[in-house]
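Enquirer: The following file, protein-v7.cif, comprises mmCIF, C-alpha atoms:
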```cif
data_input
loop_
_atom_site.label_atom_id
_atom_site.label_comp_id
_atom_site.auth_asym_id
_atom_site.auth_seq_id
_atom_site.Cartn_x
_atom_site.Cartn_y
_atom_site.Cartn_z
CA MET A 24 61.17 53.60 103.83
CA LEU A 25 63.11 52.36 100.83
CA ASP A 26 62.35 53.15 97.20
CA ILE A 27 60.35 50.27 95.70
CA ARG A 28 61.78 51.07 92.28
CA TYR A 29 65.31 50.53 93.59
CA ILE A 30 64.25 47.26 95.23
CA LYS A 31 62.73 46.04 91.93
CA GLU A 32 65.69 47.12 89.83
CA LYS A 33 68.45 45.84 92.15
CA PRO A 34 67.03 43.35 94.67
CA ASP A 35 70.34 41.52 95.15
CA GLU A 36 72.13 44.79 95.87
CA VAL A 37 69.49 45.77 98.45
CA ILE A 38 69.83 42.36 100.13
CA ALA A 39 73.64 42.67 100.20
CA ARG A 40 73.59 46.18 101.66
CA LEU A 41 71.08 45.25 104.34
CA ALA A 42 73.26 42.25 105.21
CA LYS A 43 75.96 44.76 106.23
CA LYS A 44 73.52 45.87 108.93
CA GLY A 45 73.09 42.28 110.05
CA LYS A 46 69.70 42.01 108.38
CA ASP A 47 68.89 38.89 106.36
CA ALA A 48 66.24 40.41 104.07
CA LYS A 49 66.16 37.85 101.28
CA GLU A 50 62.77 36.43 102.25
CA GLU A 51 61.27 39.88 102.92
CA ILE A 52 62.51 41.31 99.63
CA GLY A 53 61.03 38.32 97.80
CA LYS A 54 57.69 38.86 99.55
CA ILE A 55 57.75 42.59 98.77
CA LEU A 56 58.36 41.91 95.07
CA GLU A 57 55.58 39.32 95.05
CA LEU A 58 53.11 41.68 96.76
CA ASP A 59 54.08 44.58 94.51
CA ALA A 60 53.45 42.48 91.39
CA LYS A 61 50.11 41.33 92.78
CA ARG A 62 49.20 44.88 93.76
CA ARG A 63 49.95 46.20 90.29
CA ALA A 64 48.01 43.37 88.64
CA LEU A 65 44.96 44.09 90.79
CA ILE A 66 45.17 47.82 90.08
CA GLY A 67 45.43 47.09 86.37
CA GLU A 68 42.41 44.77 86.48
CA THR A 69 40.39 47.37 88.41
CA GLU A 70 41.21 50.07 85.86
CA SER A 71 40.21 47.74 83.00
CA LEU A 72 36.90 46.88 84.69
CA LYS A 73 36.09 50.53 85.32
CA ALA A 74 36.87 51.39 81.70
CA GLU A 75 34.59 48.53 80.65
CA GLN A 76 31.82 49.80 82.93
CA ASN A 77 32.06 53.28 81.40
CA LYS A 78 31.97 51.83 77.90
CA LEU A 79 28.90 49.70 78.67
CA SER A 80 27.08 52.55 80.39
CA LYS A 81 27.44 54.68 77.26
CA LEU A 82 25.62 52.01 75.27
CA VAL A 83 22.43 52.30 77.34
CA PRO A 84 21.09 55.50 75.66
CA GLN A 85 21.88 54.02 72.24
CA TYR A 86 20.00 50.78 73.08
CA LYS A 87 17.00 52.73 74.30
CA LYS A 88 17.05 54.91 71.18
CA GLU A 89 17.11 51.82 68.98
CA GLY A 90 14.38 50.15 71.03
CA LYS A 91 16.65 47.41 72.35
CA ASP A 92 16.39 45.98 75.87
CA PRO A 93 19.41 47.21 77.93
CA ALA A 94 18.86 44.51 80.58
CA GLU A 95 21.86 42.55 79.36
CA ILE A 96 24.08 45.64 79.62
CA PHE A 97 22.83 46.32 83.16
CA ALA A 98 23.64 42.73 84.10
CA GLN A 99 27.17 43.04 82.70
CA VAL A 100 27.72 46.34 84.53
CA LYS A 101 26.45 44.81 87.78
CA ALA A 102 28.76 41.80 87.44
CA SER A 103 31.67 44.09 86.62
CA LYS A 104 31.00 46.27 89.69
CA GLU A 105 30.77 43.22 91.92
CA ARG A 106 34.13 42.03 90.63
CA THR A 107 35.57 45.52 91.14
CA ALA A 108 34.36 45.54 94.77
CA GLN A 109 35.93 42.13 95.31
CA ILE A 110 39.23 43.31 93.84
CA ASP A 111 39.17 46.50 95.95
CA LYS A 112 38.86 44.38 99.09
CA GLU A 113 41.69 42.11 98.00
CA LEU A 114 43.80 45.10 96.96
CA LYS A 115 43.38 46.69 100.39
CA GLU A 116 44.64 43.52 102.06
CA VAL A 117 47.61 43.29 99.68
CA GLU A 118 48.54 46.95 100.16
CA THR A 119 48.35 46.56 103.95
CA GLN A 120 50.79 43.63 103.78
CA PHE A 121 53.02 45.45 101.29
CA THR A 122 53.19 48.59 103.45
CA SER A 123 53.92 46.52 106.57
CA PHE A 124 56.87 44.79 104.89
CA MET A 125 58.19 48.09 103.49
CA LEU A 126 57.98 49.84 106.86
CA GLY A 127 59.82 46.95 108.47
CA LEU A 128 62.92 47.29 106.32
CA PRO A 129 65.77 49.34 107.82
CA ASN A 130 67.56 52.03 105.85
CA LEU A 131 70.33 51.03 103.47
CA PRO A 132 73.78 51.80 104.90
CA ASP A 133 75.98 54.02 102.75
CA GLU A 134 78.24 51.89 100.58
CA ASP A 135 81.48 53.07 102.25
CA LEU A 136 80.43 51.78 105.69
CA LYS A 137 82.08 48.66 107.04
CA ALA A 138 79.86 45.68 107.72
CA GLY A 139 79.33 44.47 111.27
CA GLY A 140 78.91 46.13 114.65
CA LYS A 141 80.92 48.09 117.22
CA GLU A 142 84.02 46.01 116.64
CA ASN A 143 84.32 47.59 113.20
CA ASN A 144 83.72 51.21 114.21
CA GLU A 145 86.49 53.45 112.91
CA PRO A 146 87.93 56.38 114.90
CA LEU A 147 88.53 59.23 112.43
CA TYR A 148 89.78 62.08 114.58
CA TYR A 149 91.19 62.72 118.04
CA HIS A 150 91.22 66.10 119.76
CA GLY A 151 93.31 67.03 122.77
CA GLU A 152 94.78 64.80 125.44
CA PRO A 153 93.16 62.99 128.38
CA ARG A 154 93.28 64.83 131.71
CA ALA A 155 96.31 63.84 133.78
CA PHE A 156 95.98 64.00 137.60
CA ASP A 157 98.73 64.42 140.20
CA PHE A 158 96.31 63.33 142.92
CA GLU A 159 93.78 60.51 143.40
CA PRO A 160 90.72 61.71 141.44
CA LYS A 161 87.14 61.11 142.54
CA ASN A 162 84.37 59.75 140.36
CA HIS A 163 81.51 61.99 139.29
CA VAL A 164 78.96 60.37 141.62
CA ASP A 165 81.04 61.21 144.70
CA LEU A 166 81.94 64.66 143.39
CA CYS A 167 78.33 65.57 142.61
CA THR A 168 77.15 64.20 145.96
CA ASP A 169 79.88 65.92 148.02
CA LEU A 170 79.25 69.26 146.33
CA GLY A 171 75.46 68.95 146.50
CA LEU A 172 75.11 69.15 142.72
CA ILE A 173 73.01 66.03 142.23
CA ASP A 174 70.55 64.38 144.62
CA TYR A 175 70.45 60.74 143.56
CA THR A 176 68.66 59.49 146.66
CA ARG A 177 65.66 61.79 146.38
CA GLY A 178 65.52 61.33 142.60
CA THR A 179 65.09 57.60 143.21
CA LYS A 180 62.53 58.33 145.94
CA LEU A 181 60.44 60.42 143.54
CA SER A 182 60.60 58.21 140.45
CA GLY A 183 62.69 55.08 141.02
CA ALA A 184 66.05 53.94 139.68
CA GLY A 185 67.39 55.87 136.69
CA PHE A 186 66.24 59.31 137.87
CA TRP A 187 68.07 62.12 139.68
CA ILE A 188 67.59 65.73 140.78
CA TYR A 189 69.83 68.68 139.88
CA ARG A 190 70.21 70.99 142.88
CA GLY A 191 71.77 74.38 143.53
CA MET A 192 74.95 74.83 141.52
CA GLY A 193 74.28 71.50 139.83
CA ALA A 194 71.03 72.85 138.41
CA ARG A 195 72.80 76.06 137.37
CA LEU A 196 75.58 74.06 135.73
CA GLU A 197 73.05 71.93 133.81
CA TRP A 198 71.17 75.04 132.69
CA ALA A 199 74.45 76.69 131.72
CA LEU A 200 75.28 73.79 129.41
CA LEU A 201 71.89 74.07 127.71
CA ASN A 202 72.27 77.84 127.32
CA TYR A 203 75.75 77.39 125.84
CA PHE A 204 74.45 74.84 123.34
CA VAL A 205 71.45 76.92 122.28
CA GLU A 206 73.41 80.18 122.05
CA THR A 207 76.03 78.51 119.83
CA HIS A 208 73.44 76.97 117.50
CA LEU A 209 71.56 80.24 117.16
CA GLY A 210 74.83 81.87 116.17
CA ASN A 211 75.22 79.18 113.49
CA GLY A 212 71.87 80.10 111.92
CA TYR A 213 69.57 77.45 113.39
CA GLU A 214 65.94 78.18 114.29
CA LEU A 215 64.95 77.35 117.87
CA VAL A 216 61.76 75.28 118.04
CA LEU A 217 60.10 74.21 121.29
CA VAL A 218 58.09 71.11 120.46
CA PRO A 219 55.44 69.14 122.39
CA HIS A 220 56.85 66.46 124.66
CA MET A 221 53.90 64.18 123.94
CA LEU A 222 53.66 62.95 120.35
CA GLY A 223 51.28 60.98 118.15
CA TYR A 224 52.11 57.62 116.59
CA GLU A 225 52.78 59.17 113.15
CA CYS A 226 55.84 60.96 114.54
CA GLY A 227 57.45 57.67 115.59
CA LEU A 228 56.50 56.11 112.26
CA THR A 229 58.05 58.95 110.23
CA ALA A 230 61.26 58.91 112.29
CA GLY A 231 61.56 55.17 111.64
CA GLN A 232 61.32 54.20 115.31
CA PHE A 233 57.89 52.62 114.84
CA PRO A 234 56.54 50.03 114.46
CA LYS A 235 59.61 47.97 115.40
CA PHE A 236 60.64 49.98 118.49
CA GLN A 237 57.25 51.20 119.67
CA ASP A 238 57.65 49.33 122.97
CA ASP A 239 60.85 51.26 123.77
CA VAL A 240 58.99 54.50 124.57
CA TYR A 241 56.68 55.55 127.39
CA TRP A 242 53.04 55.47 126.25
CA LEU A 243 50.40 57.55 127.99
CA GLU A 244 47.16 56.04 129.22
CA THR A 245 44.32 57.60 127.26
CA ALA A 246 40.57 57.27 126.91
CA GLU A 247 39.30 55.08 124.08
CA ASP A 248 38.23 58.09 122.02
CA GLU A 249 41.46 60.03 122.68
CA ARG A 250 44.49 60.13 120.41
CA ARG A 251 47.21 57.81 121.68
CA ARG A 252 50.44 59.63 122.61
CA PHE A 253 53.94 58.76 123.79
CA MET A 254 56.69 60.74 125.56
CA LEU A 255 59.31 61.76 123.03
CA PRO A 256 62.59 59.80 123.25
CA THR A 257 64.42 62.63 121.44
CA ALA A 258 63.44 65.92 119.82
CA GLU A 259 64.39 64.39 116.47
CA THR A 260 61.15 62.39 116.61
CA ALA A 261 59.19 65.65 116.59
CA LEU A 262 61.43 67.76 114.34
CA VAL A 263 61.48 65.28 111.45
CA SER A 264 57.69 65.43 111.36
CA LEU A 265 57.46 69.22 111.16
CA HIS A 266 57.06 69.02 107.37
CA ARG A 267 55.24 65.71 107.18
CA ASP A 268 52.92 65.57 104.14
CA GLU A 269 54.28 68.91 102.90
CA ILE A 270 55.83 69.99 99.62
CA LEU A 271 58.71 72.44 100.02
CA THR A 272 60.43 74.48 97.33
CA GLU A 273 64.13 74.65 96.57
CA ALA A 274 64.14 78.13 98.09
CA ASP A 275 62.81 76.66 101.37
CA LEU A 276 65.88 74.48 101.81
CA PRO A 277 67.90 73.92 103.81
CA ARG A 278 65.76 74.11 106.94
CA LYS A 279 67.90 74.10 110.07
CA TYR A 280 66.23 73.50 113.43
CA ILE A 281 67.30 73.02 117.04
CA SER A 282 65.13 72.06 119.95
CA TYR A 283 65.72 71.66 123.66
CA THR A 284 63.69 68.90 125.33
CA PRO A 285 63.96 66.41 128.12
CA CYS A 286 64.18 62.94 126.57
CA PHE A 287 62.35 59.92 127.94
CA ARG A 288 63.78 56.44 127.38
CA ARG A 289 62.83 52.98 128.52
CA GLU A 290 66.14 51.25 129.23
CA ALA A 291 66.01 47.48 128.72
CA GLY A 292 68.01 45.22 131.01
CA SER A 293 70.23 46.09 133.97
CA TYR A 294 72.69 48.96 134.16
CA ARG A 295 76.35 48.24 133.63
CA ALA A 296 78.56 48.58 136.68
CA ASP A 297 80.50 51.49 135.13
CA GLU A 298 77.36 53.44 134.17
CA ARG A 299 76.40 54.80 137.53
CA GLY A 300 74.90 58.17 138.32
CA MET A 301 73.42 59.99 135.35
CA VAL A 302 75.28 58.24 132.52
CA ARG A 303 72.26 56.11 131.60
CA GLY A 304 68.81 57.16 132.78
CA HIS A 305 65.14 57.27 131.89
CA GLN A 306 65.07 61.09 131.55
CA PHE A 307 67.82 63.44 130.44
CA ASN A 308 68.22 66.83 128.75
CA LYS A 309 69.36 67.32 125.18
CA VAL A 310 69.54 69.92 122.45
CA GLU A 311 68.89 68.32 119.06
CA MET A 312 69.89 69.55 115.59
CA VAL A 313 67.85 68.60 112.52
CA GLN A 314 68.24 69.62 108.88
CA TYR A 315 66.03 69.19 105.82
CA THR A 316 68.13 69.45 102.65
CA LEU A 317 68.19 68.85 98.94
CA PRO A 318 69.63 65.39 98.16
CA GLU A 319 72.80 66.82 96.60
CA ALA A 320 73.42 68.97 99.71
CA SER A 321 73.04 66.31 102.40
CA ASP A 322 76.72 65.29 102.54
CA ASP A 323 77.76 68.89 103.20
CA ALA A 324 74.98 69.20 105.77
CA PHE A 325 76.26 66.07 107.50
CA ALA A 326 79.79 67.52 107.67
CA GLU A 327 78.34 70.72 109.13
CA LEU A 328 76.44 68.87 111.85
CA VAL A 329 79.51 66.86 112.81
CA ALA A 330 81.59 70.05 113.00
CA ASN A 331 78.92 71.76 115.13
CA ALA A 332 78.94 68.91 117.66
CA GLU A 333 82.75 68.74 117.72
CA ASN A 334 83.04 72.50 118.26
CA LEU A 335 80.70 72.38 121.25
CA VAL A 336 82.88 69.72 122.89
CA LYS A 337 86.04 71.63 121.98
CA GLY A 338 84.58 74.72 123.63
CA LEU A 339 84.26 72.81 126.89
CA GLY A 340 87.95 71.88 126.71
CA PHE A 341 87.39 68.12 126.48
CA HIS A 342 89.55 65.48 124.89
CA PHE A 343 87.33 63.54 122.44
CA ARG A 344 87.31 61.38 119.36
CA THR A 345 85.01 61.24 116.32
CA VAL A 346 84.04 57.71 115.29
CA LYS A 347 82.53 56.46 112.04
CA LEU A 348 80.07 53.71 112.92
CA ALA A 349 79.98 50.39 111.12
CA ALA A 350 76.73 49.57 109.36
CA GLU A 351 75.25 47.36 112.07
CA ASP A 352 75.95 49.94 114.79
CA CYS A 353 73.95 52.60 112.93
CA SER A 354 70.31 52.81 113.94
CA ALA A 355 67.70 51.23 111.69
CA SER A 356 66.68 54.57 110.16
CA MET A 357 70.12 55.88 109.34
CA ALA A 358 72.38 55.50 106.32
CA ARG A 359 75.49 56.73 108.15
CA THR A 360 76.39 57.89 111.65
CA TYR A 361 79.38 59.52 113.33
CA ASP A 362 79.62 59.53 117.13
CA ILE A 363 81.45 62.13 119.18
CA GLU A 364 82.91 60.31 122.20
CA ILE A 365 84.49 61.75 125.34
CA GLN A 366 86.36 60.20 128.24
CA ILE A 367 84.92 60.18 131.73
CA PRO A 368 88.12 59.43 133.70
CA SER A 369 86.52 57.04 136.21
CA MET A 370 85.08 54.90 133.40
CA ASN A 371 86.77 52.65 130.94
CA GLY A 372 87.02 53.84 127.33
CA TYR A 373 84.90 56.48 125.65
CA LYS A 374 81.25 57.50 126.03
CA GLU A 375 79.11 58.91 123.22
CA VAL A 376 77.79 62.44 123.80
CA SER A 377 76.64 63.20 120.27
CA SER A 378 75.42 61.00 117.44
CA VAL A 379 75.18 62.68 114.01
CA SER A 380 73.26 60.81 111.32
CA ASN A 381 72.08 61.10 107.73
CA ALA A 382 68.79 59.33 106.97
CA ARG A 383 68.99 60.25 103.25
CA ASP A 384 65.37 60.05 101.95
CA TYR A 385 64.31 57.20 104.28
CA GLN A 386 62.35 59.35 106.76
CA ALA A 387 61.07 61.64 104.00
CA ARG A 388 59.46 58.68 102.23
CA ARG A 389 57.81 57.55 105.44
CA GLY A 390 56.54 61.07 106.12
CA ASN A 391 55.84 62.04 102.48
CA MET A 392 58.10 65.11 102.64
CA ARG A 393 59.02 66.37 99.20
CA VAL A 394 60.58 69.28 97.37
CA ARG A 395 59.35 70.78 94.10
CA ARG A 396 62.28 71.72 91.91
CA ALA A 397 62.35 74.89 89.82
CA ASP A 398 61.53 72.80 86.75
CA GLY A 399 58.48 71.34 88.50
CA LYS A 400 60.05 67.95 89.22
CA MET A 401 59.16 66.47 92.62
CA GLU A 402 61.47 64.39 94.79
CA PHE A 403 61.95 63.50 98.42
CA VAL A 404 64.08 65.70 100.68
CA HIS A 405 66.90 64.38 102.84
CA THR A 406 66.77 64.59 106.64
CA LEU A 407 69.69 64.65 109.06
CA ASN A 408 69.99 64.92 112.82
CA GLY A 409 72.61 65.27 115.51
CA SER A 410 72.85 65.69 119.27
CA GLY A 411 74.05 69.14 120.06
CA LEU A 412 74.50 68.02 122.84
CA ALA A 413 73.07 65.66 125.48
CA THR A 414 74.05 66.66 129.01
CA SER A 415 73.80 63.40 130.94
CA ARG A 416 77.36 62.40 130.06
CA ILE A 417 78.77 65.89 129.52
CA LEU A 418 78.19 66.90 133.13
CA PRO A 419 79.90 63.81 134.61
CA ALA A 420 82.88 64.39 132.30
CA LEU A 421 82.92 68.07 133.22
CA VAL A 422 83.09 67.50 136.98
CA GLU A 423 85.64 64.68 136.72
CA GLN A 424 87.94 66.45 134.25
CA GLY A 425 87.57 69.78 136.02
CA GLN A 426 88.16 68.54 139.59
CA LEU A 427 90.93 69.90 141.78
CA ALA A 428 92.78 68.17 144.61
CA ASP A 429 90.53 69.81 147.25
CA GLY A 430 87.35 68.41 145.62
CA SER A 431 86.28 71.66 143.98
CA ILE A 432 85.47 71.92 140.25
CA VAL A 433 86.76 74.38 137.67
CA VAL A 434 83.91 75.67 135.48
CA PRO A 435 84.76 75.77 131.75
CA GLU A 436 85.23 79.36 130.58
CA VAL A 437 82.31 79.19 128.10
CA LEU A 438 79.91 78.41 130.96
CA ARG A 439 81.04 80.98 133.52
CA LYS A 440 78.74 83.78 132.40
CA PHE A 441 75.79 81.42 132.85
CA VAL A 442 76.96 79.82 136.13
CA GLY A 443 78.23 83.03 137.70
CA THR A 444 81.47 81.58 139.10
CA ASP A 445 84.82 80.17 138.02
CA ILE A 446 85.01 77.41 140.61
CA ILE A 447 82.35 75.38 142.39
CA ARG A 448 83.25 74.63 146.00
CA LYS A 449 81.48 73.18 149.02
#
```
Once you've parsed the file, please lay out its structure as structure tokens.
Expert:
Amino acid sequence: MLDIRYIKEKPDEVIARLAKKGKDAKEEIGKILELDAKRRALIGETESLKAEQNKLSKLVPQYKKEGKDPAEIFAQVKASKERTAQIDKELKEVETQFTSFMLGLPNLPDEDLKAGGKENNEPLYYHGEPRAFDFEPKNHVDLCTDLGLIDYTRGTKLSGAGFWIYRGMGARLEWALLNYFVETHLGNGYELVLVPHMLGYECGLTAGQFPKFQDDVYWLETAEDERRRFMLPTAETALVSLHRDEILTEADLPRKYISYTPCFRREAGSYRADERGMVRGHQFNKVEMVQYTLPEASDDAFAELVANAENLVKGLGFHFRTVKLAAEDCSASMARTYDIEIQIPSMNGYKEVSSVSNARDYQARRGNMRVRRADGKMEFVHTLNGSGLATSRILPALVEQGQLADGSIVVPEVLRKFVGTDIIRK
């Protein structure tokens, strides 16, 4: 959620920055300013009426002492209370509208981001060279099927399109990736947190995914008197609510968390022809990084998260690039995002395997997460997140880049202690 003070002080600047995200917010900003003015006027009138009621009530003992009839005072107090009740009802309606408009605004993109979408994304860094083959390489679907790593047919039989089953060495390879990710993050000083996979609405609201994207998750059927829950689309949705409605101290920060979870996504529309296998599915595994920081430390925290994701990909021996996203390609909640993209040889271009983002104080305002400074001053913390990493595209890249002419796969050195072999063969 944006700072209403900033909106009031620089409405044109807010409108211009949101336009970089492709959002025409002129009408909404005007409505927000109108509702805020009305809200403040109603609050001021309520406070005046209550002060008047207190003043009149104090006159009653004096009237009785002087033998005067306090009926007129009682009538004035009654009329004042009726007006107060009317204002309270109106104020509630205004605040509901105000909050709805505020929650609907996306985060402001950082000022250095280019306007527009994917066409304006900017590659910042390239690592390594693409794998060169002296034989006709196979795609990951055929490799995983031939080696018995992935069972696509039975995954579809169990749950439909967009699901698969890891089997045998495929399951061990998937688990090895997750162990490698977690072990690396623990070595970097992150706390491992295993969160619930079913979350309440407030988690989606704090993360900024709700209310706009509440239909993009899987909701559970519940009884009327039961709390409504959804399956988490990413561990970020849970981790950024860990300190919801809490006040931290400077000494508490930064807080660095990682969590392994399966992620559940509703995918709109049909799959692209080049996104077969496990590249885009309804359930996949991911280790997520999240940090809570002081505002002045969030840029350094962002650089750290990007480096962590890059180092994981480097450790696997992959060629990759780091891309700075244009404003419109950043998600609604984020002020800036860098993607780490790898090549899956059988596919065209690059595929994102990690997205590192800084939400600034946007999520903290939605979740009321603050820090009390040493001098007693209170302000909102900054929250950041990054994939570290998701496996559904790493594994296809791994088998394609690691394939040999005989159809076997070389296991990256960092995974061998977890997999128990150097090469996976039939």
Enquirer: Which residues match the PyMOL selection byres ((chain A and resi 303-311) around 9) in the file above, as a ChimeraX atom specification?
Expert: /A:184-187,197,201,204-205,256-259,262,280-290,294,298-302,312-313,408-416
Enquirer: Hey, what comes out of the PyMOL selection byres ((chain A and resi 234) around 12) on this file? Could you write it as a list in words?
Expert: Thr122, Ser123, Phe124, Met125, Leu126, Gly127, Leu128, Pro129, Tyr224, Glu225, Cys226, Gly227, Leu228, Thr229, Ala230, Gly231, Gln232, Phe233, Lys235, Phe236, Gln237, Asp238, Asp239, Val240, Ala355, Ser356 and Arg389 of chain A
Enquirer: For C-alpha atoms, I'd like the residues from the last selection saved as a PDB file, in the coordinates of the input.
Expert:
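The resulting file, selection-v1.pdb, is reproduced below:
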```
ATOM      1  CA  THR A 122      53.190  48.590 103.450  1.00  0.00           C
ATOM      2  CA  SER A 123      53.920  46.520 106.570  1.00  0.00           C
ATOM      3  CA  PHE A 124      56.870  44.790 104.890  1.00  0.00           C
ATOM      4  CA  MET A 125      58.190  48.090 103.490  1.00  0.00           C
ATOM      5  CA  LEU A 126      57.980  49.840 106.860  1.00  0.00           C
ATOM      6  CA  GLY A 127      59.820  46.950 108.470  1.00  0.00           C
ATOM      7  CA  LEU A 128      62.920  47.290 106.320  1.00  0.00           C
ATOM      8  CA  PRO A 129      65.770  49.340 107.820  1.00  0.00           C
ATOM      9  CA  TYR A 224      52.110  57.620 116.590  1.00  0.00           C
ATOM     10  CA  GLU A 225      52.780  59.170 113.150  1.00  0.00           C
ATOM     11  CA  CYS A 226      55.840  60.960 114.540  1.00  0.00           C
ATOM     12  CA  GLY A 227      57.450  57.670 115.590  1.00  0.00           C
ATOM     13  CA  LEU A 228      56.500  56.110 112.260  1.00  0.00           C
ATOM     14  CA  THR A 229      58.050  58.950 110.230  1.00  0.00           C
ATOM     15  CA  ALA A 230      61.260  58.910 112.290  1.00  0.00           C
ATOM     16  CA  GLY A 231      61.560  55.170 111.640  1.00  0.00           C
ATOM     17  CA  GLN A 232      61.320  54.200 115.310  1.00  0.00           C
ATOM     18  CA  PHE A 233      57.890  52.620 114.840  1.00  0.00           C
ATOM     19  CA  LYS A 235      59.610  47.970 115.400  1.00  0.00           C
ATOM     20  CA  PHE A 236      60.640  49.980 118.490  1.00  0.00           C
ATOM     21  CA  GLN A 237      57.250  51.200 119.670  1.00  0.00           C
ATOM     22  CA  ASP A 238      57.650  49.330 122.970  1.00  0.00           C
ATOM     23  CA  ASP A 239      60.850  51.260 123.770  1.00  0.00           C
ATOM     24  CA  VAL A 240      58.990  54.500 124.570  1.00  0.00           C
ATOM     25  CA  ALA A 355      67.700  51.230 111.690  1.00  0.00           C
ATOM     26  CA  SER A 356      66.680  54.570 110.160  1.00  0.00           C
ATOM     27  CA  ARG A 389      57.810  57.550 105.440  1.00  0.00           C
TER      28      ARG A 389
END
```
Enquirer: Would you mind listing what lies within 9 Å of region 144-152 of chain A as a list in words, with only C-alpha atoms counted and same-chain residues fewer than 2 positions away left out?
Expert: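 Neighbouring residues, sequence-local ones excluded: Lys137, Gly139, Gly140, Lys141, Glu142, Arg154, Ala155, Lys337, Gly340, Phe341, His342, Phe343, Arg344, Thr345, Val346, Lys347, Leu348, Ala349, Ala350 and Asp352 of chain A.
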Enquirer: Fewer than 5 positions away in the same chain doesn't count, so skip those; otherwise give me all residues within 7 Å of region 191-195 of chain A, counting only C-alpha atoms, as a list in words.
Expert: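 The filter keeps Leu172, Ile173 and Val442 of chain A.
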Enquirer: Measuring between all atoms listed in the file, which one of A:Pro318, A:Pro132, A:Pro419, A:Gly425 shows the shortest distance to Lys374 (chain A)?
Expert: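 Ranking A:Pro318, A:Pro132, A:Pro419, A:Gly425 by distance to Lys374 (chain A), first place goes to A:Pro419.
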Enquirer: Spell out the residues picked by the PyMOL selection byres ((chain A and resi 250-253) around 6) here, as number ranges by chain.
Expert: A: 221-223, 241-243, 249, 254
Enquirer: Between A:Leu25, A:Ala199, A:Leu339, A:Ala48, which has the minimum distance to Phe441 (chain A) (counting only C-alpha atoms)?
Expert: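 Of A:Leu25, A:Ala199, A:Leu339, A:Ala48, the one nearest Phe441 (chain A), counting only C-alpha atoms, is A:Ala199.
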Enquirer: Applying 7 Å and only C-alpha atoms, which residues near region 103-118 of chain A remain after dropping the ones on its own chain fewer than 3 positions away? List them as an MDAnalysis selection string.
Expert: chainID A and resid 58 62 65 69 72 76 99:100 121:122
Enquirer: Save out the residues we just selected, C-alpha atoms, as a PDB file, keeping the file's coordinate frame.
Expert:
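Generated file (out37.pdb):
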```pdb
ATOM      1  CA  LEU A  58      53.110  41.680  96.760  1.00  0.00           C
ATOM      2  CA  ARG A  62      49.200  44.880  93.760  1.00  0.00           C
ATOM      3  CA  LEU A  65      44.960  44.090  90.790  1.00  0.00           C
ATOM      4  CA  THR A  69      40.390  47.370  88.410  1.00  0.00           C
ATOM      5  CA  LEU A  72      36.900  46.880  84.690  1.00  0.00           C
ATOM      6  CA  GLN A  76      31.820  49.800  82.930  1.00  0.00           C
ATOM      7  CA  GLN A  99      27.170  43.040  82.700  1.00  0.00           C
ATOM      8  CA  VAL A 100      27.720  46.340  84.530  1.00  0.00           C
ATOM      9  CA  PHE A 121      53.020  45.450 101.290  1.00  0.00           C
ATOM     10  CA  THR A 122      53.190  48.590 103.450  1.00  0.00           C
TER      11      THR A 122
END
```
Enquirer: Provide the CA of Cys167 (chain A) to CA of Ala420 (chain A) distance in Å, to one decimal place.
Expert: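 Separating CA of Cys167 (chain A) from CA of Ala420 (chain A) is a distance of 11.3 Å.
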Enquirer: Quick one: distance from CA of Leu407 (chain A) to CA of Gln386 (chain A) in Å, one decimal?
Expert: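 So the answer is 9.3 Å.
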Enquirer: May I ask which of the residues A:Leu317, A:Leu217, A:Ala74, A:Val37 is the closest one to Arg393 (chain A), counting all atoms listed in the file?
Expert: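 Of all the options, A:Leu317 lies closest to Arg393 (chain A).
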Enquirer: Please supply region 75-82 of chain A, rebuilt with N, CA and C atoms, as a PDB file, in the frame of the given file.
Expert:
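As a result, rebuild_5.pdb now contains:
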```
ATOM      1  N   GLU A  75      35.648  49.326  81.262  1.00  0.00           N
ATOM      2  CA  GLU A  75      34.590  48.530  80.650  1.00  0.00           C
ATOM      3  C   GLU A  75      33.210  49.000  81.108  1.00  0.00           C
ATOM      4  N   GLN A  76      33.092  49.312  82.395  1.00  0.00           N
ATOM      5  CA  GLN A  76      31.820  49.800  82.930  1.00  0.00           C
ATOM      6  C   GLN A  76      31.409  51.114  82.253  1.00  0.00           C
ATOM      7  N   ASN A  77      32.359  52.006  82.068  1.00  0.00           N
ATOM      8  CA  ASN A  77      32.060  53.280  81.400  1.00  0.00           C
ATOM      9  C   ASN A  77      31.615  53.055  79.957  1.00  0.00           C
ATOM     10  N   LYS A  78      32.289  52.136  79.302  1.00  0.00           N
ATOM     11  CA  LYS A  78      31.970  51.830  77.900  1.00  0.00           C
ATOM     12  C   LYS A  78      30.560  51.240  77.792  1.00  0.00           C
ATOM     13  N   LEU A  79      30.234  50.315  78.693  1.00  0.00           N
ATOM     14  CA  LEU A  79      28.900  49.700  78.670  1.00  0.00           C
ATOM     15  C   LEU A  79      27.809  50.709  79.011  1.00  0.00           C
ATOM     16  N   SER A  80      28.078  51.559  79.980  1.00  0.00           N
ATOM     17  CA  SER A  80      27.080  52.550  80.390  1.00  0.00           C
ATOM     18  C   SER A  80      26.724  53.496  79.246  1.00  0.00           C
ATOM     19  N   LYS A  81      27.691  53.780  78.389  1.00  0.00           N
ATOM     20  CA  LYS A  81      27.440  54.680  77.260  1.00  0.00           C
ATOM     21  C   LYS A  81      26.551  54.028  76.187  1.00  0.00           C
ATOM     22  N   LEU A  82      26.454  52.706  76.250  1.00  0.00           N
ATOM     23  CA  LEU A  82      25.620  52.010  75.270  1.00  0.00           C
ATOM     24  C   LEU A  82      24.134  52.054  75.618  1.00  0.00           C
TER      25      LEU A  82
END
```
